[in-house]
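Notes follow once the structure below has been shown.
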There are 2 protein chains.
Amino acid sequence: MRNLYNEPCAFAGYPVDPADHIRNDQNHVAQLQKDPDTQVMIFVDSRPLMVLPDLSIFYLSVKEIELADHPCLFMGLRYDTGEAVFAVALDPQSAENILSDTVKAIDLRSIAYQLTAKAYAPELALLGKARSILDWHHRHGFCANCGAKTNLSKAGYARKCPACGTEHFPRTDPVVIMLVTHGDELLLGRSPHFPKGSYSALAGFMEPGETIEEACAREVFEESGIRVKNVQYLKSQPWPFPSSLMIGLTAEAENTDIQLEGSELEDARWFSRDQVIENIKQGGDDNLRIAGYNIAIARHLVEWWLRE
Amino acid sequence: MRNLYNEPCAFAGYPVDPADHIRNDQNHVAQLQKDPDTQVMIFVDSRPLMVLPDLSIFYLSVKEIELADHPCLFMGLRYDTGEAVFAVALDPQSAENILSDTVKAIDLRSIAYQLTAKAYAPELALLGKARSILDWHHRHGFCANCGAKTNLSKAGYARKCPACGTEHFPRTDPVVIMLVTHGDELLLGRSPHFPKGSYSALAGFMEPGETIEEACAREVFEESGIRVKNVQYLKSQPWPFPSSLMIGLTAEAENTDIQLEGSELEDARWFSRDQVIENIKQGGDDNLRIAGYNIAIARHLVEWWLRE
């Protein structure tokens with residue numbers, strides 16, 4: 001059986017050289033933006049353009065699009081050929097004459113489900129990073145410090161305010177996501193917005209002023225009334241909806257009496273190892289589906305626990 | 001000898017109950033803001049007011065200050081007494097009649113150096129979180145989405161735009177900081193802005209689209225030309241200048257030939273275990289000071305390595 005824990009998570013494993021030193025070299029960026037070998041990924045309303053039916057990334061050459069007219073991000077250089085890759089956000093009107101029966105804008109979650117169904121798909125890391133940062137530009141056109149309109153800078157890795165000079169950088173929001181165990185049992189919960197029957201690992205955004213371990217303990221207590229100890233880091237995942245860093249943890253429960261009062265969860269329960277194994281093997285159904293999504297780190301964490 | 005690695009880092013170990021459920025309950029917050037037992041920490045230009053000579057936190061009661069007039073943050077409830085704690089940012093003029101020979105606004109780094117000199121100081125976690133979030137309010141008065149002025153909301157844990165409805169939350173910026181080892185040697189570097197002779201662990205901000213392990217490898221390669229494998233998580237630290245989450249790692253080098261071209265570092269070098277032990281024992285000097293600051297996670301990581 002495929003062991004997800006040993007694979008990179010979806011959206012991890014960036015497949016091109018980020019070549020960060022180029023970002024600050026405007027001339028170098030400008031030169032790459034004119035290079036006929038450069039490849040350009042296109043996003044429309046945060047959805048990448050993909051080639052059907054094989055669901056590969058659609059690329060334009062720089063002869064086919066004027067990069068300076070749109071929010072544009074330098075993605076890096078291909079390891080094998082040295083070719084540059086950029087990503088561009090187009091408004092629906094500008095994209096109209098690119099779309100066709102075989103070139104379509106597709107929701108990234110849907111792409112991820114399809115591409116990861118059988119094997120790890122490195123191109124998701126490219127799509128995820130581009131989506132996160134282009135979406136950030138879309139929602140951050142003004143200076144939080146003074147309210148003026150800002151300009152894209154550093155090849156798409158910053159925005160600069162012409163009025164007060166403040167530089168703004170894309171957010172990366174750390175989220176703790178944890179398997180809480182008690183002997184041979186696992187604590188899982190469901191948010192009201194989860195699909196019917198779905199249960200997964202507890203999770204929550206970190207805040208200024210706490211360690212990863214403290215955030216884990218705070219979130220678990222807030223959501224379930226369970227106190228935890230022995231927090232251990234397992235693995236992490238970039239999550240581009242919109243720009244989270246999922247920090248995968250395990251922790252041991254000190255009590256078992258779940259309290260949902262004041263919780264953001266609709267339900268939380270203890271599951272036995274046998275129940276989890278059985279449900280994952282079957283794929284679950286609308287009555288109970290445990291960590292049902294290959295693209296989420298929660299599934300990797302549960303598979304780690306089952307094999308420990 | 002004191003083993004820093006076994007202690008919480010400075011700014012970790014939040015000492016009051018964050019009582020997160022209260023934040024969304026405006027009536028409850030308003031009631032606590034009138035409670036005569038409530039304690040109010042004061043910040044002026046990001047510097048907390050402290051009582052001298054013992055360097056303890058200075059508190060006002062709500063009879064002495066009108067909380068509604070200033071940016072105000074709910075810090076939580078004392079575990080022992082249930083008393084509420086708030087933090088407030090005052091402009092220098094409003095603070096003038098509070099300051100005295102024994103009540104002074106002091107730079108938080110300086111407070112941290114003094115308080116951690118002999119033992120772990122839990123009150124730094126309170127000061128750090130308050131500083132991070134009040135400073136964020138100060139620099140984020142406008143909506144990044146539309147440019148309108150925003151209002152503080154959720155007891156200080158958000159800002160809301162009255163024009164477009166967007167909610168904004170304080171940033172927590174994850175930073176990878178890593179001990180790179182090669183056999184019995186340690187890779188350390190110095191930024192141009194470090195004090196003379198200081199060397200410390202390599203570090204850098206994470207970006208959207210990468211795991212913790214990928215960020216570590218990217219940063220080490222960019223700054224030193226060294227490729228790493230076997231990245232392991234050790235511990236983390238909230239760092240309130242302005243709002244970083246320091247993620248402490250160790251990694252093994254695959255090569256040893258340091259390349260500083262294009263690096264942000266002024267220098268990077270391999271140090272032997274004996275050199276590190278000797279320098280830390282002596283406290284170092286302007287010729288060489290290795291991880292010289294108790295308040296930084298780098299020192300905890302180096303002490304971990306020395307004891308491994």
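By order in the structure tokens, chains are A, B, ...; within a chain, residues start at 1; ligands start at 1, following the order shown.
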
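Summary of the local environment: counting only C-alpha atoms, residues at most 8 Å from Gln33 of chain B, other than itself and those fewer than 4 positions away along its chain, are Val29, Thr38, Val62 and Leu67 of chain B.
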
I'd like the contact shell of segment 123-128 of chain A - 7 Å cut-off, only C-alpha atoms, skipping same-chain residues fewer than 3 positions apart - returned as an NGL selection string. (:A and (10-15 or 112 or 131-132 or 240)) or (:B and (209))

Would you put the residues from that selection into a file with N, CA and C atoms, as an mmCIF file, in the first residue's frame?
data_model
loop_
_atom_site.group_PDB
_atom_site.id
_atom_site.type_symbol
_atom_site.label_atom_id
_atom_site.label_comp_id
_atom_site.auth_asym_id
_atom_site.auth_seq_id
_atom_site.Cartn_x
_atom_site.Cartn_y
_atom_site.Cartn_z
ATOM 1 N N ALA A 10 1.476 17.263 -0.833
ATOM 2 C CA ALA A 10 1.083 18.074 -1.994
ATOM 3 C C ALA A 10 1.541 19.512 -1.766
ATOM 4 N N PHE A 11 2.000 20.174 -2.813
ATOM 5 C CA PHE A 11 2.484 21.565 -2.805
ATOM 6 C C PHE A 11 3.899 21.709 -2.242
ATOM 7 N N ALA A 12 4.499 20.618 -1.735
ATOM 8 C CA ALA A 12 5.891 20.664 -1.276
ATOM 9 C C ALA A 12 6.799 20.158 -2.399
ATOM 10 N N GLY A 13 8.095 20.368 -2.259
ATOM 11 C CA GLY A 13 9.068 19.841 -3.228
ATOM 12 C C GLY A 13 9.216 20.730 -4.447
ATOM 13 N N TYR A 14 9.554 21.990 -4.224
ATOM 14 C CA TYR A 14 9.650 22.972 -5.301
ATOM 15 C C TYR A 14 10.605 22.468 -6.388
ATOM 16 N N PRO A 15 10.125 22.370 -7.651
ATOM 17 C CA PRO A 15 10.912 21.651 -8.672
ATOM 18 C C PRO A 15 11.845 22.500 -9.522
ATOM 19 N N ALA A 112 -5.126 19.541 -7.639
ATOM 20 C CA ALA A 112 -4.326 18.798 -6.659
ATOM 21 C C ALA A 112 -4.929 17.415 -6.397
ATOM 22 N N ARG A 131 0.201 30.740 -6.931
ATOM 23 C CA ARG A 131 -1.142 31.136 -6.496
ATOM 24 C C ARG A 131 -1.072 31.973 -5.215
ATOM 25 N N SER A 132 -0.295 31.517 -4.224
ATOM 26 C CA SER A 132 -0.190 32.240 -2.955
ATOM 27 C C SER A 132 0.252 33.683 -3.175
ATOM 28 N N PRO A 240 -1.563 26.605 -0.096
ATOM 29 C CA PRO A 240 -1.744 27.882 -0.797
ATOM 30 C C PRO A 240 -3.161 28.448 -0.787
ATOM 31 N N GLY B 209 5.021 28.606 -0.239
ATOM 32 C CA GLY B 209 5.364 27.571 -1.208
ATOM 33 C C GLY B 209 6.536 26.700 -0.830
#

Residue nearest Ile277 of chain A among A:Tyr79, A:Glu185, A:Thr250, A:Phe194 (counting only C-alpha atoms): A:Glu185

Within 7 Å of Ala268 of chain A, counting only C-alpha atoms, which residues show up once you throw out same-chain ones fewer than 2 positions away? Write them as JSON, numbers by chain, please. {"A": [187, 188, 189, 190, 224, 265]}

Please, could you write that set of residues out with all heavy atoms as a JSON list (two decimals), in the first residue's frame?
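Result saved to again_39.json:
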[["chain", "number", "residue", "atom", "x", "y", "z"],
["A", 187, "LEU", "N", -7.51, 11.60, 18.73],
["A", 187, "LEU", "CA", -8.52, 12.66, 18.83],
["A", 187, "LEU", "C", -8.66, 13.34, 17.48],
["A", 187, "LEU", "O", -7.70, 13.90, 16.96],
["A", 187, "LEU", "CB", -8.09, 13.69, 19.88],
["A", 187, "LEU", "CG", -9.01, 14.91, 20.06],
["A", 187, "LEU", "CD1", -10.35, 14.51, 20.65],
["A", 187, "LEU", "CD2", -8.33, 15.96, 20.93],
["A", 188, "LEU", "N", -9.86, 13.30, 16.91],
["A", 188, "LEU", "CA", -10.11, 13.98, 15.65],
["A", 188, "LEU", "C", -11.38, 14.81, 15.79],
["A", 188, "LEU", "O", -12.25, 14.51, 16.62],
["A", 188, "LEU", "CB", -10.28, 12.97, 14.50],
["A", 188, "LEU", "CG", -9.06, 12.06, 14.24],
["A", 188, "LEU", "CD1", -9.44, 10.96, 13.25],
["A", 188, "LEU", "CD2", -7.87, 12.86, 13.73],
["A", 189, "GLY", "N", -11.48, 15.86, 14.97],
["A", 189, "GLY", "CA", -12.65, 16.72, 15.08],
["A", 189, "GLY", "C", -13.19, 17.11, 13.71],
["A", 189, "GLY", "O", -12.58, 16.80, 12.68],
["A", 190, "ARG", "N", -14.35, 17.77, 13.72],
["A", 190, "ARG", "CA", -14.87, 18.27, 12.45],
["A", 190, "ARG", "C", -15.37, 19.71, 12.61],
["A", 190, "ARG", "O", -16.05, 20.06, 13.57],
["A", 190, "ARG", "CB", -15.94, 17.37, 11.85],
["A", 190, "ARG", "CG", -17.14, 17.03, 12.71],
["A", 190, "ARG", "CD", -18.22, 16.29, 11.90],
["A", 190, "ARG", "NE", -18.97, 17.24, 11.10],
["A", 190, "ARG", "CZ", -18.89, 17.36, 9.78],
["A", 190, "ARG", "NH1", -18.15, 16.53, 9.08],
["A", 190, "ARG", "NH2", -19.58, 18.27, 9.14],
["A", 224, "SER", "N", -11.08, 21.48, 22.26],
["A", 224, "SER", "CA", -11.57, 20.19, 22.77],
["A", 224, "SER", "C", -11.52, 20.06, 24.29],
["A", 224, "SER", "O", -12.01, 19.06, 24.83],
["A", 224, "SER", "CB", -10.73, 19.06, 22.16],
["A", 224, "SER", "OG", -9.41, 19.13, 22.67],
["A", 265, "LEU", "N", -15.31, 23.82, 16.80],
["A", 265, "LEU", "CA", -15.62, 22.51, 16.20],
["A", 265, "LEU", "C", -17.09, 22.15, 16.40],
["A", 265, "LEU", "O", -17.70, 22.48, 17.41],
["A", 265, "LEU", "CB", -14.75, 21.42, 16.80],
["A", 265, "LEU", "CG", -13.25, 21.55, 16.56],
["A", 265, "LEU", "CD1", -12.52, 20.40, 17.24],
["A", 265, "LEU", "CD2", -12.94, 21.57, 15.07]]

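Atom pair atom CA of Asn287 of chain A / atom CA of Asn6 of chain A: separated by 28.7 Å.
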
How close does chain B get to chain A? List, as a tab-separated table, each residue of chain B within 9 Å, its nearest atom pair and the distance in Å to one decimal, counting only C-alpha atoms.
residue	atom	partner	partner_atom	distance
B:Phe11	CA	A:Gly209	CA	6.9
B:Ala12	CA	A:Glu210	CA	6.0
B:Gly13	CA	A:Glu210	CA	7.3
B:Tyr14	CA	A:Glu210	CA	6.9
B:Pro18	CA	A:Arg218	CA	8.4
B:Ala19	CA	A:Glu222	CA	8.5
B:Asp20	CA	A:Glu222	CA	7.6
B:His21	CA	A:Gly262	CA	6.4
B:Ala125	CA	A:Gly209	CA	6.3
B:Leu126	CA	A:Gly209	CA	7.7
B:Leu127	CA	A:Gly209	CA	8.8
B:Gly128	CA	A:Gly209	CA	6.1
B:Lys129	CA	A:Gly209	CA	4.2
B:Ala130	CA	A:Gly209	CA	8.0
B:Ser132	CA	A:Pro208	CA	6.4
B:Ile133	CA	A:Pro208	CA	7.0
B:His138	CA	A:Asn145	CA	7.9
B:Arg139	CA	A:Asn145	CA	5.0
B:His140	CA	A:Ala144	CA	4.6
B:Gly141	CA	A:Asn145	CA	5.9
B:Phe142	CA	A:Ala144	CA	4.5
B:Cys143	CA	A:Ala144	CA	5.6
B:Ala144	CA	A:Phe142	CA	4.5
B:Asn145	CA	A:Arg139	CA	4.9
B:Cys146	CA	A:Phe142	CA	6.2
B:Gly147	CA	A:Gly147	CA	4.3
B:Ala148	CA	A:Gly147	CA	6.4
B:Lys149	CA	A:Gly147	CA	7.3
B:Pro170	CA	A:Pro208	CA	7.5
B:Arg171	CA	A:Asp173	CA	7.2
B:Thr172	CA	A:Pro208	CA	5.5
B:Asp173	CA	A:Thr172	CA	6.3
B:Pro174	CA	A:Pro174	CA	6.7
B:Met206	CA	A:Thr172	CA	7.2
B:Glu207	CA	A:Thr172	CA	6.2
B:Pro208	CA	A:Thr172	CA	5.5
B:Gly209	CA	A:Lys129	CA	4.2
B:Glu210	CA	A:Pro238	CA	5.4
B:Thr211	CA	A:Gln237	CA	5.2
B:Ile212	CA	A:Ser236	CA	6.2
B:Glu213	CA	A:Ser236	CA	7.9
B:Glu214	CA	A:Gly13	CA	7.4
B:Arg218	CA	A:Pro18	CA	8.4
B:Glu222	CA	A:Asp20	CA	7.6
B:Tyr233	CA	A:Tyr233	CA	6.8
B:Leu234	CA	A:Tyr233	CA	8.6
B:Lys235	CA	A:Ile212	CA	8.1
B:Ser236	CA	A:Thr211	CA	5.4
B:Gln237	CA	A:Thr211	CA	5.2
B:Pro238	CA	A:Gly209	CA	5.1
B:Trp239	CA	A:Gly209	CA	7.3
B:Pro240	CA	A:Gly209	CA	7.1
B:Ser243	CA	A:Pro208	CA	6.0
B:Ser244	CA	A:Pro208	CA	7.5
B:Leu245	CA	A:Thr211	CA	7.3
B:Met246	CA	A:Thr211	CA	8.4
B:Ile247	CA	A:Ile212	CA	8.4
B:Gly262	CA	A:His21	CA	6.4
B:Ser263	CA	A:His21	CA	8.3

As number ranges by chain, which residues of segment 10-189 of chain B does DSSP assign to helix (DSSP H, G or I)? B: 20-22, 26-32, 67-69, 92-95, 108-116, 123-139, 154-156

Using the selection just defined, write its residues with C-alpha atoms as a PDB file, in the first residue's frame.
ATOM      1  CA  ASP B  20      -9.298  33.315  23.583  1.00  0.00           C
ATOM      2  CA  HIS B  21     -13.057  32.789  23.780  1.00  0.00           C
ATOM      3  CA  ILE B  22     -13.416  36.202  25.433  1.00  0.00           C
ATOM      4  CA  GLN B  26     -17.525  42.431  23.135  1.00  0.00           C
ATOM      5  CA  ASN B  27     -19.661  42.699  26.282  1.00  0.00           C
ATOM      6  CA  HIS B  28     -17.274  40.532  28.259  1.00  0.00           C
ATOM      7  CA  VAL B  29     -14.284  42.581  27.080  1.00  0.00           C
ATOM      8  CA  ALA B  30     -16.073  45.852  27.925  1.00  0.00           C
ATOM      9  CA  GLN B  31     -16.880  44.527  31.402  1.00  0.00           C
ATOM     10  CA  LEU B  32     -13.240  43.533  32.029  1.00  0.00           C
ATOM     11  CA  LEU B  67      -8.752  52.255  27.529  1.00  0.00           C
ATOM     12  CA  ALA B  68     -11.141  53.230  24.723  1.00  0.00           C
ATOM     13  CA  ASP B  69      -8.918  56.183  23.802  1.00  0.00           C
ATOM     14  CA  PRO B  92       4.674  59.999  24.294  1.00  0.00           C
ATOM     15  CA  GLN B  93       2.579  63.030  25.258  1.00  0.00           C
ATOM     16  CA  SER B  94      -0.160  60.962  26.940  1.00  0.00           C
ATOM     17  CA  ALA B  95       2.489  59.017  28.848  1.00  0.00           C
ATOM     18  CA  LEU B 108      12.520  45.423  25.198  1.00  0.00           C
ATOM     19  CA  ARG B 109      15.836  43.937  24.038  1.00  0.00           C
ATOM     20  CA  SER B 110      17.593  45.623  26.938  1.00  0.00           C
ATOM     21  CA  ILE B 111      14.929  44.339  29.385  1.00  0.00           C
ATOM     22  CA  ALA B 112      15.343  40.833  27.966  1.00  0.00           C
ATOM     23  CA  TYR B 113      19.143  40.862  28.341  1.00  0.00           C
ATOM     24  CA  GLN B 114      18.868  41.969  31.959  1.00  0.00           C
ATOM     25  CA  LEU B 115      16.025  39.636  32.972  1.00  0.00           C
ATOM     26  CA  THR B 116      17.473  36.475  31.374  1.00  0.00           C
ATOM     27  CA  GLU B 123       7.131  38.035  32.031  1.00  0.00           C
ATOM     28  CA  LEU B 124       9.091  38.482  28.781  1.00  0.00           C
ATOM     29  CA  ALA B 125       6.431  36.415  27.001  1.00  0.00           C
ATOM     30  CA  LEU B 126       3.769  38.897  28.092  1.00  0.00           C
ATOM     31  CA  LEU B 127       5.899  41.867  27.033  1.00  0.00           C
ATOM     32  CA  GLY B 128       6.879  40.257  23.709  1.00  0.00           C
ATOM     33  CA  LYS B 129       3.370  39.379  22.596  1.00  0.00           C
ATOM     34  CA  ALA B 130       2.048  42.818  23.542  1.00  0.00           C
ATOM     35  CA  ARG B 131       4.896  44.544  21.726  1.00  0.00           C
ATOM     36  CA  SER B 132       4.393  42.440  18.551  1.00  0.00           C
ATOM     37  CA  ILE B 133       0.681  43.079  18.267  1.00  0.00           C
ATOM     38  CA  LEU B 134       0.599  46.747  19.362  1.00  0.00           C
ATOM     39  CA  ASP B 135       3.418  47.472  16.926  1.00  0.00           C
ATOM     40  CA  TRP B 136       1.448  45.694  14.188  1.00  0.00           C
ATOM     41  CA  HIS B 137      -1.548  47.983  14.875  1.00  0.00           C
ATOM     42  CA  HIS B 138       0.737  51.001  14.687  1.00  0.00           C
ATOM     43  CA  ARG B 139       2.029  49.991  11.230  1.00  0.00           C
ATOM     44  CA  LYS B 154     -11.613  41.467  18.411  1.00  0.00           C
ATOM     45  CA  ALA B 155     -10.092  42.914  21.590  1.00  0.00           C
ATOM     46  CA  GLY B 156      -6.976  43.874  19.617  1.00  0.00           C
TER      47      GLY B 156
END

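Between atom CA of Pro48 of chain B and atom CA of Glu66 of chain B the interatomic distance comes to 17.8 Å.
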
Might you pull out every residue within 9 Å of Ala217 of chain B, with only C-alpha atoms counted and same-chain residues fewer than 5 positions away left off, and present them as a PyMOL selection string? chain B and resi 212+222+226-229+231+251
